[in-house]
file model_19.pdb (PDB, C-alpha atoms and all ligand atoms)
ATOM      1  CA  MET A  19      18.119 -41.805  15.410  1.00  0.00           C
ATOM      2  CA  ARG A  20      17.756 -43.592  12.105  1.00  0.00           C
ATOM      3  CA  LYS A  21      14.197 -42.358  11.769  1.00  0.00           C
ATOM      4  CA  THR A  22      15.265 -38.753  12.392  1.00  0.00           C
ATOM      5  CA  PHE A  23      17.936 -39.110   9.742  1.00  0.00           C
ATOM      6  CA  LEU A  24      15.402 -40.490   7.299  1.00  0.00           C
ATOM      7  CA  LEU A  25      12.995 -37.661   8.037  1.00  0.00           C
ATOM      8  CA  ALA A  26      15.767 -35.143   7.512  1.00  0.00           C
ATOM      9  CA  ILE A  27      16.561 -36.660   4.129  1.00  0.00           C
ATOM     10  CA  ILE A  28      12.906 -36.589   3.167  1.00  0.00           C
ATOM     11  CA  ALA A  29      12.705 -32.926   4.203  1.00  0.00           C
ATOM     12  CA  VAL A  30      15.704 -32.076   2.044  1.00  0.00           C
ATOM     13  CA  ILE A  31      14.292 -33.966  -0.925  1.00  0.00           C
ATOM     14  CA  ALA A  32      10.939 -32.238  -0.447  1.00  0.00           C
ATOM     15  CA  ALA A  33      12.632 -28.829  -0.374  1.00  0.00           C
ATOM     16  CA  VAL A  34      14.628 -29.582  -3.511  1.00  0.00           C
ATOM     17  CA  THR A  35      11.575 -30.960  -5.317  1.00  0.00           C
ATOM     18  CA  GLN A  36       9.660 -27.845  -4.310  1.00  0.00           C
ATOM     19  CA  ALA A  37      12.377 -25.592  -5.718  1.00  0.00           C
ATOM     20  CA  ASN A  38      12.508 -27.616  -8.931  1.00  0.00           C
ATOM     21  CA  ASN A  39       8.793 -27.242  -9.223  1.00  0.00           C
ATOM     22  CA  CYS A  40       8.867 -23.465  -9.239  1.00  0.00           C
ATOM     23  CA  PRO A  41       9.293 -22.975 -12.999  1.00  0.00           C
ATOM     24  CA  ALA A  42       6.235 -25.171 -13.601  1.00  0.00           C
ATOM     25  CA  LEU A  43       4.230 -23.302 -10.954  1.00  0.00           C
ATOM     26  CA  TYR A  44       5.245 -19.944 -12.436  1.00  0.00           C
ATOM     27  CA  LYS A  45       4.089 -21.154 -15.862  1.00  0.00           C
ATOM     28  CA  GLN A  46       0.699 -22.291 -14.567  1.00  0.00           C
ATOM     29  CA  SER A  47       0.191 -18.993 -12.753  1.00  0.00           C
ATOM     30  CA  ASN A  48      -0.672 -15.724 -14.419  1.00  0.00           C
ATOM     31  CA  LEU A  49       2.684 -14.196 -13.546  1.00  0.00           C
ATOM     32  CA  SER A  50       4.404 -12.492 -16.457  1.00  0.00           C
ATOM     33  CA  PRO A  51       7.609 -14.066 -17.851  1.00  0.00           C
ATOM     34  CA  ILE A  52       9.612 -11.152 -16.463  1.00  0.00           C
ATOM     35  CA  PHE A  53       8.068 -11.129 -12.989  1.00  0.00           C
ATOM     36  CA  ASN A  54      11.494 -11.006 -11.341  1.00  0.00           C
ATOM     37  CA  GLU A  55      12.034  -7.642 -13.029  1.00  0.00           C
ATOM     38  CA  THR A  56       8.562  -6.137 -12.492  1.00  0.00           C
ATOM     39  CA  ILE A  57       8.490  -7.218  -8.836  1.00  0.00           C
ATOM     40  CA  ALA A  58      12.050  -6.047  -8.140  1.00  0.00           C
ATOM     41  CA  HIS A  59      11.103  -2.648  -9.544  1.00  0.00           C
ATOM     42  CA  ALA A  60       7.959  -2.435  -7.405  1.00  0.00           C
ATOM     43  CA  ILE A  61       9.766  -3.314  -4.162  1.00  0.00           C
ATOM     44  CA  HIS A  62      13.301  -1.930  -4.544  1.00  0.00           C
ATOM     45  CA  SER A  63      12.520   1.090  -2.366  1.00  0.00           C
ATOM     46  CA  MET A  64       9.600  -0.385  -0.409  1.00  0.00           C
ATOM     47  CA  THR A  65       9.093   0.835   3.145  1.00  0.00           C
ATOM     48  CA  VAL A  66       6.963  -0.333   6.074  1.00  0.00           C
ATOM     49  CA  GLN A  67       4.773   2.728   5.457  1.00  0.00           C
ATOM     50  CA  GLY A  68       4.339   1.602   1.827  1.00  0.00           C
ATOM     51  CA  LEU A  69       3.512  -1.951   2.911  1.00  0.00           C
ATOM     52  CA  ARG A  70       0.741  -0.612   5.132  1.00  0.00           C
ATOM     53  CA  LEU A  71      -1.096   0.515   1.989  1.00  0.00           C
ATOM     54  CA  PHE A  72      -1.649  -3.211   1.504  1.00  0.00           C
ATOM     55  CA  ASN A  73      -1.716  -4.604   5.022  1.00  0.00           C
ATOM     56  CA  PRO A  74      -1.955  -2.159   7.960  1.00  0.00           C
ATOM     57  CA  ARG A  75      -0.419  -4.806  10.240  1.00  0.00           C
ATOM     58  CA  ALA A  76       2.879  -4.973   8.279  1.00  0.00           C
ATOM     59  CA  THR A  77       6.039  -4.346  10.285  1.00  0.00           C
ATOM     60  CA  VAL A  78       9.772  -4.157   9.760  1.00  0.00           C
ATOM     61  CA  ASN A  79       9.865  -7.934  10.347  1.00  0.00           C
ATOM     62  CA  ASN A  80       9.163  -8.487   6.676  1.00  0.00           C
ATOM     63  CA  LYS A  81      11.445 -10.346   4.277  1.00  0.00           C
ATOM     64  CA  ILE A  82      11.164  -8.036   1.285  1.00  0.00           C
ATOM     65  CA  PRO A  83      14.600  -7.282  -0.205  1.00  0.00           C
ATOM     66  CA  THR A  84      15.219  -3.565  -0.781  1.00  0.00           C
ATOM     67  CA  VAL A  85      18.069  -1.249  -1.739  1.00  0.00           C
ATOM     68  CA  ASN A  86      19.935  -0.243   1.418  1.00  0.00           C
ATOM     69  CA  GLN A  87      18.836   3.294   2.357  1.00  0.00           C
ATOM     70  CA  ASN A  88      22.416   3.915   3.371  1.00  0.00           C
ATOM     71  CA  LEU A  89      24.219   3.068   0.131  1.00  0.00           C
ATOM     72  CA  HIS A  90      27.626   4.306   1.185  1.00  0.00           C
ATOM     73  CA  ASN A  91      27.841   1.934   4.109  1.00  0.00           C
ATOM     74  CA  GLY A  92      27.610  -1.848   4.062  1.00  0.00           C
ATOM     75  CA  ALA A  93      25.458  -4.150   1.957  1.00  0.00           C
ATOM     76  CA  LYS A  94      23.808  -2.787  -1.185  1.00  0.00           C
ATOM     77  CA  VAL A  95      20.660  -4.818  -0.544  1.00  0.00           C
ATOM     78  CA  VAL A  96      19.024  -5.430   2.836  1.00  0.00           C
ATOM     79  CA  PRO A  97      16.640  -8.367   3.341  1.00  0.00           C
ATOM     80  CA  PHE A  98      13.720  -6.247   4.580  1.00  0.00           C
ATOM     81  CA  ALA A  99      11.750  -3.089   3.821  1.00  0.00           C
ATOM     82  CA  PRO A 100      12.682  -0.511   6.489  1.00  0.00           C
ATOM     83  CA  GLU A 101      10.630   1.993   8.452  1.00  0.00           C
ATOM     84  CA  ASP A 102      10.483   5.390   6.747  1.00  0.00           C
ATOM     85  CA  PRO A 103       8.013   7.532   8.663  1.00  0.00           C
ATOM     86  CA  VAL A 104       7.187  11.030   7.439  1.00  0.00           C
ATOM     87  CA  GLY A 105       6.895  13.866   9.934  1.00  0.00           C
ATOM     88  CA  ASN A 106       3.882  16.023  10.678  1.00  0.00           C
ATOM     89  CA  ASP A 107       5.236  19.566  10.648  1.00  0.00           C
ATOM     90  CA  PHE A 108       3.107  20.245   7.582  1.00  0.00           C
ATOM     91  CA  PHE A 109      -0.581  19.486   7.251  1.00  0.00           C
ATOM     92  CA  ASP A 110      -0.812  16.947   4.433  1.00  0.00           C
ATOM     93  CA  PHE A 111       1.120  13.814   3.458  1.00  0.00           C
ATOM     94  CA  THR A 112       2.449  15.360   0.236  1.00  0.00           C
ATOM     95  CA  MET A 113       4.156  18.286   1.913  1.00  0.00           C
ATOM     96  CA  ASN A 114       5.421  16.104   4.751  1.00  0.00           C
ATOM     97  CA  MET A 115       6.951  13.717   2.204  1.00  0.00           C
ATOM     98  CA  ILE A 116       8.613  16.583   0.342  1.00  0.00           C
ATOM     99  CA  ASP A 117       9.967  17.716   3.706  1.00  0.00           C
ATOM    100  CA  ARG A 118      11.317  14.214   4.320  1.00  0.00           C
ATOM    101  CA  VAL A 119      13.011  14.008   0.907  1.00  0.00           C
ATOM    102  CA  LEU A 120      14.568  17.464   0.990  1.00  0.00           C
ATOM    103  CA  THR A 121      15.763  17.044   4.579  1.00  0.00           C
ATOM    104  CA  ASN A 122      17.755  14.000   3.414  1.00  0.00           C
ATOM    105  CA  VAL A 123      19.400  15.686   0.421  1.00  0.00           C
ATOM    106  CA  GLY A 124      23.132  15.655   1.012  1.00  0.00           C
ATOM    107  CA  THR A 125      23.026  12.852   3.552  1.00  0.00           C
ATOM    108  CA  HIS A 126      22.976  10.090   0.886  1.00  0.00           C
ATOM    109  CA  ASP A 127      20.682   8.220   3.214  1.00  0.00           C
ATOM    110  CA  ASP A 128      17.615   7.817   1.061  1.00  0.00           C
ATOM    111  CA  GLY A 129      18.591   4.725  -0.902  1.00  0.00           C
ATOM    112  CA  LEU A 130      19.368   6.583  -4.138  1.00  0.00           C
ATOM    113  CA  GLY A 131      23.072   7.312  -3.978  1.00  0.00           C
ATOM    114  CA  HIS A 132      24.390  10.756  -4.852  1.00  0.00           C
ATOM    115  CA  HIS A 133      23.460  11.157  -8.507  1.00  0.00           C
ATOM    116  CA  TRP A 134      19.916  12.384  -7.974  1.00  0.00           C
ATOM    117  CA  SER A 135      18.983  16.068  -7.913  1.00  0.00           C
ATOM    118  CA  PRO A 136      16.426  17.226  -5.328  1.00  0.00           C
ATOM    119  CA  ALA A 137      13.666  17.348  -7.974  1.00  0.00           C
ATOM    120  CA  GLU A 138      14.593  13.852  -9.203  1.00  0.00           C
ATOM    121  CA  ARG A 139      14.423  12.504  -5.643  1.00  0.00           C
ATOM    122  CA  ILE A 140      10.949  13.951  -5.206  1.00  0.00           C
ATOM    123  CA  VAL A 141       9.857  12.422  -8.531  1.00  0.00           C
ATOM    124  CA  HIS A 142      11.234   9.029  -7.501  1.00  0.00           C
ATOM    125  CA  VAL A 143       9.490   8.879  -4.155  1.00  0.00           C
ATOM    126  CA  PHE A 144       6.099   9.947  -5.529  1.00  0.00           C
ATOM    127  CA  HIS A 145       6.499   7.640  -8.535  1.00  0.00           C
ATOM    128  CA  MET A 146       6.883   4.705  -6.149  1.00  0.00           C
ATOM    129  CA  TRP A 147       3.865   5.750  -4.065  1.00  0.00           C
ATOM    130  CA  ASP A 148       1.887   6.251  -7.263  1.00  0.00           C
ATOM    131  CA  LEU A 149       2.824   2.750  -8.448  1.00  0.00           C
ATOM    132  CA  TRP A 150       2.039   1.179  -5.064  1.00  0.00           C
ATOM    133  CA  LEU A 151      -1.401   2.831  -5.054  1.00  0.00           C
ATOM    134  CA  HIS A 152      -1.921   1.512  -8.582  1.00  0.00           C
ATOM    135  CA  ILE A 153      -0.990  -2.022  -7.373  1.00  0.00           C
ATOM    136  CA  GLN A 154      -3.494  -1.815  -4.476  1.00  0.00           C
ATOM    137  CA  PRO A 155      -6.617  -2.957  -6.398  1.00  0.00           C
ATOM    138  CA  TYR A 156      -4.672  -5.855  -7.942  1.00  0.00           C
ATOM    139  CA  TYR A 157      -3.561  -6.912  -4.479  1.00  0.00           C
ATOM    140  CA  GLN A 158      -7.129  -6.562  -3.167  1.00  0.00           C
ATOM    141  CA  ARG A 159      -8.468  -8.690  -5.995  1.00  0.00           C
ATOM    142  CA  ILE A 160      -5.991 -11.433  -5.155  1.00  0.00           C
ATOM    143  CA  VAL A 161      -6.843 -11.247  -1.448  1.00  0.00           C
ATOM    144  CA  SER A 162     -10.575 -11.463  -2.051  1.00  0.00           C
ATOM    145  CA  SER A 163     -10.932 -13.808  -4.990  1.00  0.00           C
ATOM    146  CA  SER A 164      -7.985 -15.907  -6.023  1.00  0.00           C
ATOM    147  CA  PRO A 165      -5.554 -16.652  -3.249  1.00  0.00           C
ATOM    148  CA  VAL A 166      -2.170 -17.732  -4.550  1.00  0.00           C
ATOM    149  CA  SER A 167      -1.287 -21.299  -3.490  1.00  0.00           C
ATOM    150  CA  ASP A 168       1.176 -21.776  -0.635  1.00  0.00           C
ATOM    151  CA  ALA A 169       3.511 -23.614  -3.008  1.00  0.00           C
ATOM    152  CA  LEU A 170       3.586 -20.724  -5.474  1.00  0.00           C
ATOM    153  CA  CYS A 171       4.053 -18.247  -2.611  1.00  0.00           C
ATOM    154  CA  GLU A 172       7.018 -20.227  -1.376  1.00  0.00           C
ATOM    155  CA  CYS A 173       8.593 -20.001  -4.833  1.00  0.00           C
ATOM    156  CA  LEU A 174       7.880 -16.278  -5.160  1.00  0.00           C
ATOM    157  CA  LEU A 175       9.317 -15.542  -1.724  1.00  0.00           C
ATOM    158  CA  ASP A 176      12.515 -17.458  -2.512  1.00  0.00           C
ATOM    159  CA  THR A 177      13.859 -14.232  -3.995  1.00  0.00           C
ATOM    160  CA  LYS A 178      17.467 -15.397  -4.086  1.00  0.00           C
ATOM    161  CA  ALA A 179      16.514 -18.310  -6.344  1.00  0.00           C
ATOM    162  CA  ASN A 180      14.082 -16.556  -8.687  1.00  0.00           C
ATOM    163  CA  GLY A 181      16.075 -13.451  -9.581  1.00  0.00           C
ATOM    164  CA  ILE A 182      14.069 -10.852  -7.627  1.00  0.00           C
ATOM    165  CA  TYR A 183      16.887 -10.338  -5.129  1.00  0.00           C
ATOM    166  CA  ASN A 184      19.511 -10.047  -7.871  1.00  0.00           C
ATOM    167  CA  ASN A 185      17.403  -7.538  -9.745  1.00  0.00           C
ATOM    168  CA  VAL A 186      17.063  -5.384  -6.616  1.00  0.00           C
ATOM    169  CA  GLY A 187      20.872  -5.635  -6.457  1.00  0.00           C
ATOM    170  CA  TRP A 188      21.056  -4.498 -10.082  1.00  0.00           C
ATOM    171  CA  VAL A 189      19.158  -1.344  -9.156  1.00  0.00           C
ATOM    172  CA  ALA A 190      21.427  -0.712  -6.156  1.00  0.00           C
ATOM    173  CA  ASN A 191      24.539  -1.144  -8.299  1.00  0.00           C
ATOM    174  CA  HIS A 192      23.281   1.218 -10.973  1.00  0.00           C
ATOM    175  CA  TYR A 193      22.575   3.926  -8.409  1.00  0.00           C
ATOM    176  CA  GLU A 194      26.367   4.108  -8.105  1.00  0.00           C
ATOM    177  CA  SER A 195      26.667   5.409 -11.641  1.00  0.00           C
ATOM    178  CA  GLY A 196      23.424   7.184 -12.438  1.00  0.00           C
ATOM    179  CA  THR A 197      19.670   7.446 -12.090  1.00  0.00           C
ATOM    180  CA  PRO A 198      18.264   4.204 -13.559  1.00  0.00           C
ATOM    181  CA  ILE A 199      14.484   4.137 -13.672  1.00  0.00           C
ATOM    182  CA  SER A 200      13.625   0.871 -15.397  1.00  0.00           C
ATOM    183  CA  LEU A 201      15.631  -2.330 -15.483  1.00  0.00           C
ATOM    184  CA  LYS A 202      15.250  -2.933 -19.194  1.00  0.00           C
ATOM    185  CA  ASN A 203      16.368  -1.221 -22.391  1.00  0.00           C
ATOM    186  CA  ILE A 204      18.396   0.992 -20.157  1.00  0.00           C
ATOM    187  CA  VAL A 205      18.807   4.297 -21.919  1.00  0.00           C
ATOM    188  CA  GLU A 206      20.957   7.031 -20.514  1.00  0.00           C
ATOM    189  CA  ILE A 207      18.519   9.005 -18.382  1.00  0.00           C
ATOM    190  CA  PRO A 208      19.308  12.720 -18.828  1.00  0.00           C
ATOM    191  CA  PRO A 209      19.355  15.107 -15.880  1.00  0.00           C
ATOM    192  CA  LEU A 210      15.797  16.266 -15.266  1.00  0.00           C
ATOM    193  CA  VAL A 211      15.977  19.954 -16.070  1.00  0.00           C
ATOM    194  CA  ASP A 212      13.115  20.812 -18.439  1.00  0.00           C
ATOM    195  CA  GLY A 213      10.091  19.558 -20.348  1.00  0.00           C
ATOM    196  CA  ASN A 214      12.204  17.721 -22.908  1.00  0.00           C
ATOM    197  CA  SER A 215      14.164  15.713 -20.372  1.00  0.00           C
ATOM    198  CA  TRP A 216      10.949  15.088 -18.448  1.00  0.00           C
ATOM    199  CA  LYS A 217       9.514  13.428 -21.594  1.00  0.00           C
ATOM    200  CA  ILE A 218      12.242  10.775 -21.377  1.00  0.00           C
ATOM    201  CA  TRP A 219      11.794  10.398 -17.620  1.00  0.00           C
ATOM    202  CA  LYS A 220       8.042  10.057 -17.997  1.00  0.00           C
ATOM    203  CA  LYS A 221       8.296   7.344 -20.657  1.00  0.00           C
ATOM    204  CA  ASP A 222      10.618   5.309 -18.453  1.00  0.00           C
ATOM    205  CA  LEU A 223       8.658   5.925 -15.255  1.00  0.00           C
ATOM    206  CA  LEU A 224       5.531   4.521 -16.900  1.00  0.00           C
ATOM    207  CA  GLN A 225       7.237   1.298 -17.996  1.00  0.00           C
ATOM    208  CA  TYR A 226       5.774  -0.896 -15.235  1.00  0.00           C
ATOM    209  CA  TYR A 227       2.264   0.583 -15.193  1.00  0.00           C
ATOM    210  CA  ASN A 228       0.790  -2.196 -17.354  1.00  0.00           C
ATOM    211  CA  GLU A 229      -1.671  -4.801 -16.005  1.00  0.00           C
ATOM    212  CA  GLU A 230       0.815  -7.677 -16.082  1.00  0.00           C
ATOM    213  CA  SER A 231       3.406  -5.829 -14.024  1.00  0.00           C
ATOM    214  CA  LEU A 232       0.830  -4.601 -11.516  1.00  0.00           C
ATOM    215  CA  ASN A 233      -0.544  -8.120 -11.123  1.00  0.00           C
ATOM    216  CA  ASP A 234       2.972  -9.570 -10.639  1.00  0.00           C
ATOM    217  CA  ALA A 235       3.632  -7.117  -7.827  1.00  0.00           C
ATOM    218  CA  GLY A 236       0.185  -7.725  -6.307  1.00  0.00           C
ATOM    219  CA  MET A 237       0.836 -11.480  -6.179  1.00  0.00           C
ATOM    220  CA  TYR A 238       4.239 -11.064  -4.598  1.00  0.00           C
ATOM    221  CA  LEU A 239       2.953  -8.602  -1.998  1.00  0.00           C
ATOM    222  CA  TYR A 240       0.058 -10.920  -1.204  1.00  0.00           C
ATOM    223  CA  CYS A 241       2.566 -13.703  -0.438  1.00  0.00           C
ATOM    224  CA  ALA A 242       4.927 -11.422   1.465  1.00  0.00           C
ATOM    225  CA  LEU A 243       2.182  -9.937   3.655  1.00  0.00           C
ATOM    226  CA  LYS A 244      -0.270 -12.785   4.181  1.00  0.00           C
ATOM    227  CA  ASP A 245       1.100 -13.787   7.570  1.00  0.00           C
ATOM    228  CA  PHE A 246       0.876 -10.339   9.166  1.00  0.00           C
TER     229      PHE A 246
HETATM  230  C1  LIG B   1      14.703 -13.440 -14.272  1.00  0.00           C
HETATM  231  O1  LIG B   1      13.904 -14.361 -14.980  1.00  0.00           O
HETATM  232  C2  LIG B   1      14.307 -14.551 -16.322  1.00  0.00           C
HETATM  233  C3  LIG B   1      13.255 -15.399 -17.010  1.00  0.00           C
HETATM  234  O2  LIG B   1      13.027 -16.589 -16.309  1.00  0.00           O
HETATM  235  C4  LIG B   1      15.699 -15.169 -16.332  1.00  0.00           C
HETATM  236  O3  LIG B   1      16.131 -15.347 -17.656  1.00  0.00           O
HETATM  237  C5  LIG B   1      16.652 -14.233 -15.594  1.00  0.00           C
HETATM  238  O4  LIG B   1      17.922 -14.840 -15.489  1.00  0.00           O
HETATM  239  C6  LIG B   1      16.145 -13.899 -14.198  1.00  0.00           C
HETATM  240  N1  LIG B   1      16.968 -12.831 -13.646  1.00  0.00           N
HETATM  241  C7  LIG B   1      17.823 -13.030 -12.644  1.00  0.00           C
HETATM  242  C8  LIG B   1      18.570 -11.830 -12.178  1.00  0.00           C
HETATM  243  O5  LIG B   1      17.994 -14.119 -12.126  1.00  0.00           O
END
call {"tool": "encode", "arguments": {"input": "model_19.pdb", "output": "structure tokens"}}
result
Amino acid sequence: MRKTFLLAIIAVIAAVTQANNCPALYKQSNLSPIFNETIAHAIHSMTVQGLRLFNPRATVNNKIPTVNQNLHNGAKVVPFAPEDPVGNDFFDFTMNMIDRVLTNVGTHDDGLGHHWSPAERIVHVFHMWDLWLHIQPYYQRIVSSSPVSDALCECLLDTKANGIYNNVGWVANHYESGTPISLKNIVEIPPLVDGNSWKIWKKDLLQYYNEESLNDAGMYLYCALKDF
């Protein structure tokens, strides 16, 4: 009885020490100082189908926080990336994805709230796939050459402590009032109607395409998917 109690105390102390260690582990790693922002952006609309770009064995039993696809009902953030299969009425993935997006317009069930025009929804979904494909080689490099330590993975996956979860929540909250694209230097994103407004969209869409951000996301996804 006494021994069990002692072990329990030791376990608690170990957990607390581990959590306190995270800032030091983050510093020693090659994560960027704003990893909670870059990672939250990369995963906020992650799906099981997206995860399979990295690990074909990934399932809905993942613990990756995402914006609730159904924003008008219940929690703004769900603690997993959901299934989002595209159909096969058309021949290629691109057209099947466009079919998926346009079929959902008006249902408010695609995790974006009701401020997005059909064209903006299509841009968003392909922007995320484009980013995920860009993260792929960073993820592969981590898998094959420099595995992240279990201790660092534990810190990264503690998304409620490190700000990733809250930043996904930030995105969800801002979908209520507009079409936020990046989490920083938030400028009012104009409706996407022509080449001039696209210039502003494009600049913001490309914000997390730098090496540091891609590496942050690769490290997080490595940790989140290593046990599948
Ligand atoms: C994200 O990390 C930065 C830098 O460590 C910190 O200042 C910020 O509070 C974190 N964000 C959240 C939402 O916790």
call {"tool": "closest_residue", "arguments": {"input": "model_19.pdb", "among": "A:Ala137, A:Leu210, A:Val66, A:Leu170", "to": "Lys45 in chain A", "atoms": "all atoms listed in the file"}}
result
A:Leu170
call {"tool": "resolve_selection", "arguments": {"input": "model_19.pdb", "expression": "the PyMOL selection byres (((not hetatm)) within 9 of (chain B and resi 1))", "output": "ChimeraX atom specification"}}
result
/A:41,51-55,178-188
call {"tool": "residues_around", "arguments": {"input": "model_19.pdb", "residues": "range 107-118 of chain A", "least_positions_apart": "4", "cutoff": "9 Å", "atoms": "all atoms listed in the file", "output": "compact mmCIF listing (two decimals) with C-alpha atoms, in the coordinates of the input"}}
result
# COMPACT_ATOMS: atom_id res chain seq x y z
CA PRO A 103 8.01 7.53 8.66
CA ASN A 122 17.76 14.00 3.41
CA ILE A 140 10.95 13.95 -5.21
CA VAL A 143 9.49 8.88 -4.16
CA PHE A 144 6.10 9.95 -5.53
call {"tool": "resolve_selection", "arguments": {"input": "model_19.pdb", "expression": "the PyMOL selection byres (((chain A and resi 201) around 12) and not hetatm)", "output": "ChimeraX atom specification"}}
result
/A:52-60,62,182,184-193,197-200,202-206,222-223,225-226
call {"tool": "resolve_selection", "arguments": {"input": "model_19.pdb", "expression": "the PyMOL selection byres (((chain A and resi 230) around 9) and not hetatm)", "output": "ChimeraX atom specification"}}
result
/A:48-50,53,56,226-229,231-235
call {"tool": "residues_near_point", "arguments": {"input": "model_19.pdb", "point": "(8.0, 12.5, -17.0)", "cutoff": "12 Å", "atoms": "all atoms listed in the file", "output": "list in words"}}
result
Ala137, Glu138, Val141, His142, Phe144, His145, Ile199, Ile207, Pro208, Pro209, Leu210, Val211, Asp212, Gly213, Asn214, Ser215, Trp216, Lys217, Ile218, Trp219, Lys220, Lys221, Asp222, Leu223, Leu224 and Gln225 of chain A
call {"tool": "atom_distance", "arguments": {"input": "model_19.pdb", "atom1": "CA of Leu174 in chain A", "atom2": "CA of Asn39 in chain A"}}
result
11.7 Å
call {"tool": "atom_distance", "arguments": {"input": "model_19.pdb", "atom1": "CA of Tyr156 in chain A", "atom2": "CA of Leu243 in chain A"}}
result
14.1 Å
call {"tool": "closest_residue", "arguments": {"input": "model_19.pdb", "among": "A:Gly68, A:Val123, A:Val85, A:Trp134", "to": "Val104 in chain A", "atoms": "only C-alpha atoms"}}
result
A:Gly68
call {"tool": "residues_near_point", "arguments": {"input": "model_19.pdb", "point": "(21.6, 6.6, 3.8)", "cutoff": "8 Å", "atoms": "only C-alpha atoms", "output": "list in words"}}
result
Asn86, Gln87, Asn88, Leu89, His90, Asn91, Thr125, His126, Asp127, Asp128, Gly129 and Gly131 of chain A
call {"tool": "closest_residue", "arguments": {"input": "model_19.pdb", "among": "A:Ile153, A:Ala99, A:Leu175, A:Val166", "to": "Ala76 in chain A", "atoms": "only C-alpha atoms"}}
result
A:Ala99
call {"tool": "atom_distance", "arguments": {"input": "model_19.pdb", "atom1": "CA of Ser47 in chain A", "atom2": "CA of Thr65 in chain A"}}
result
26.9 Å
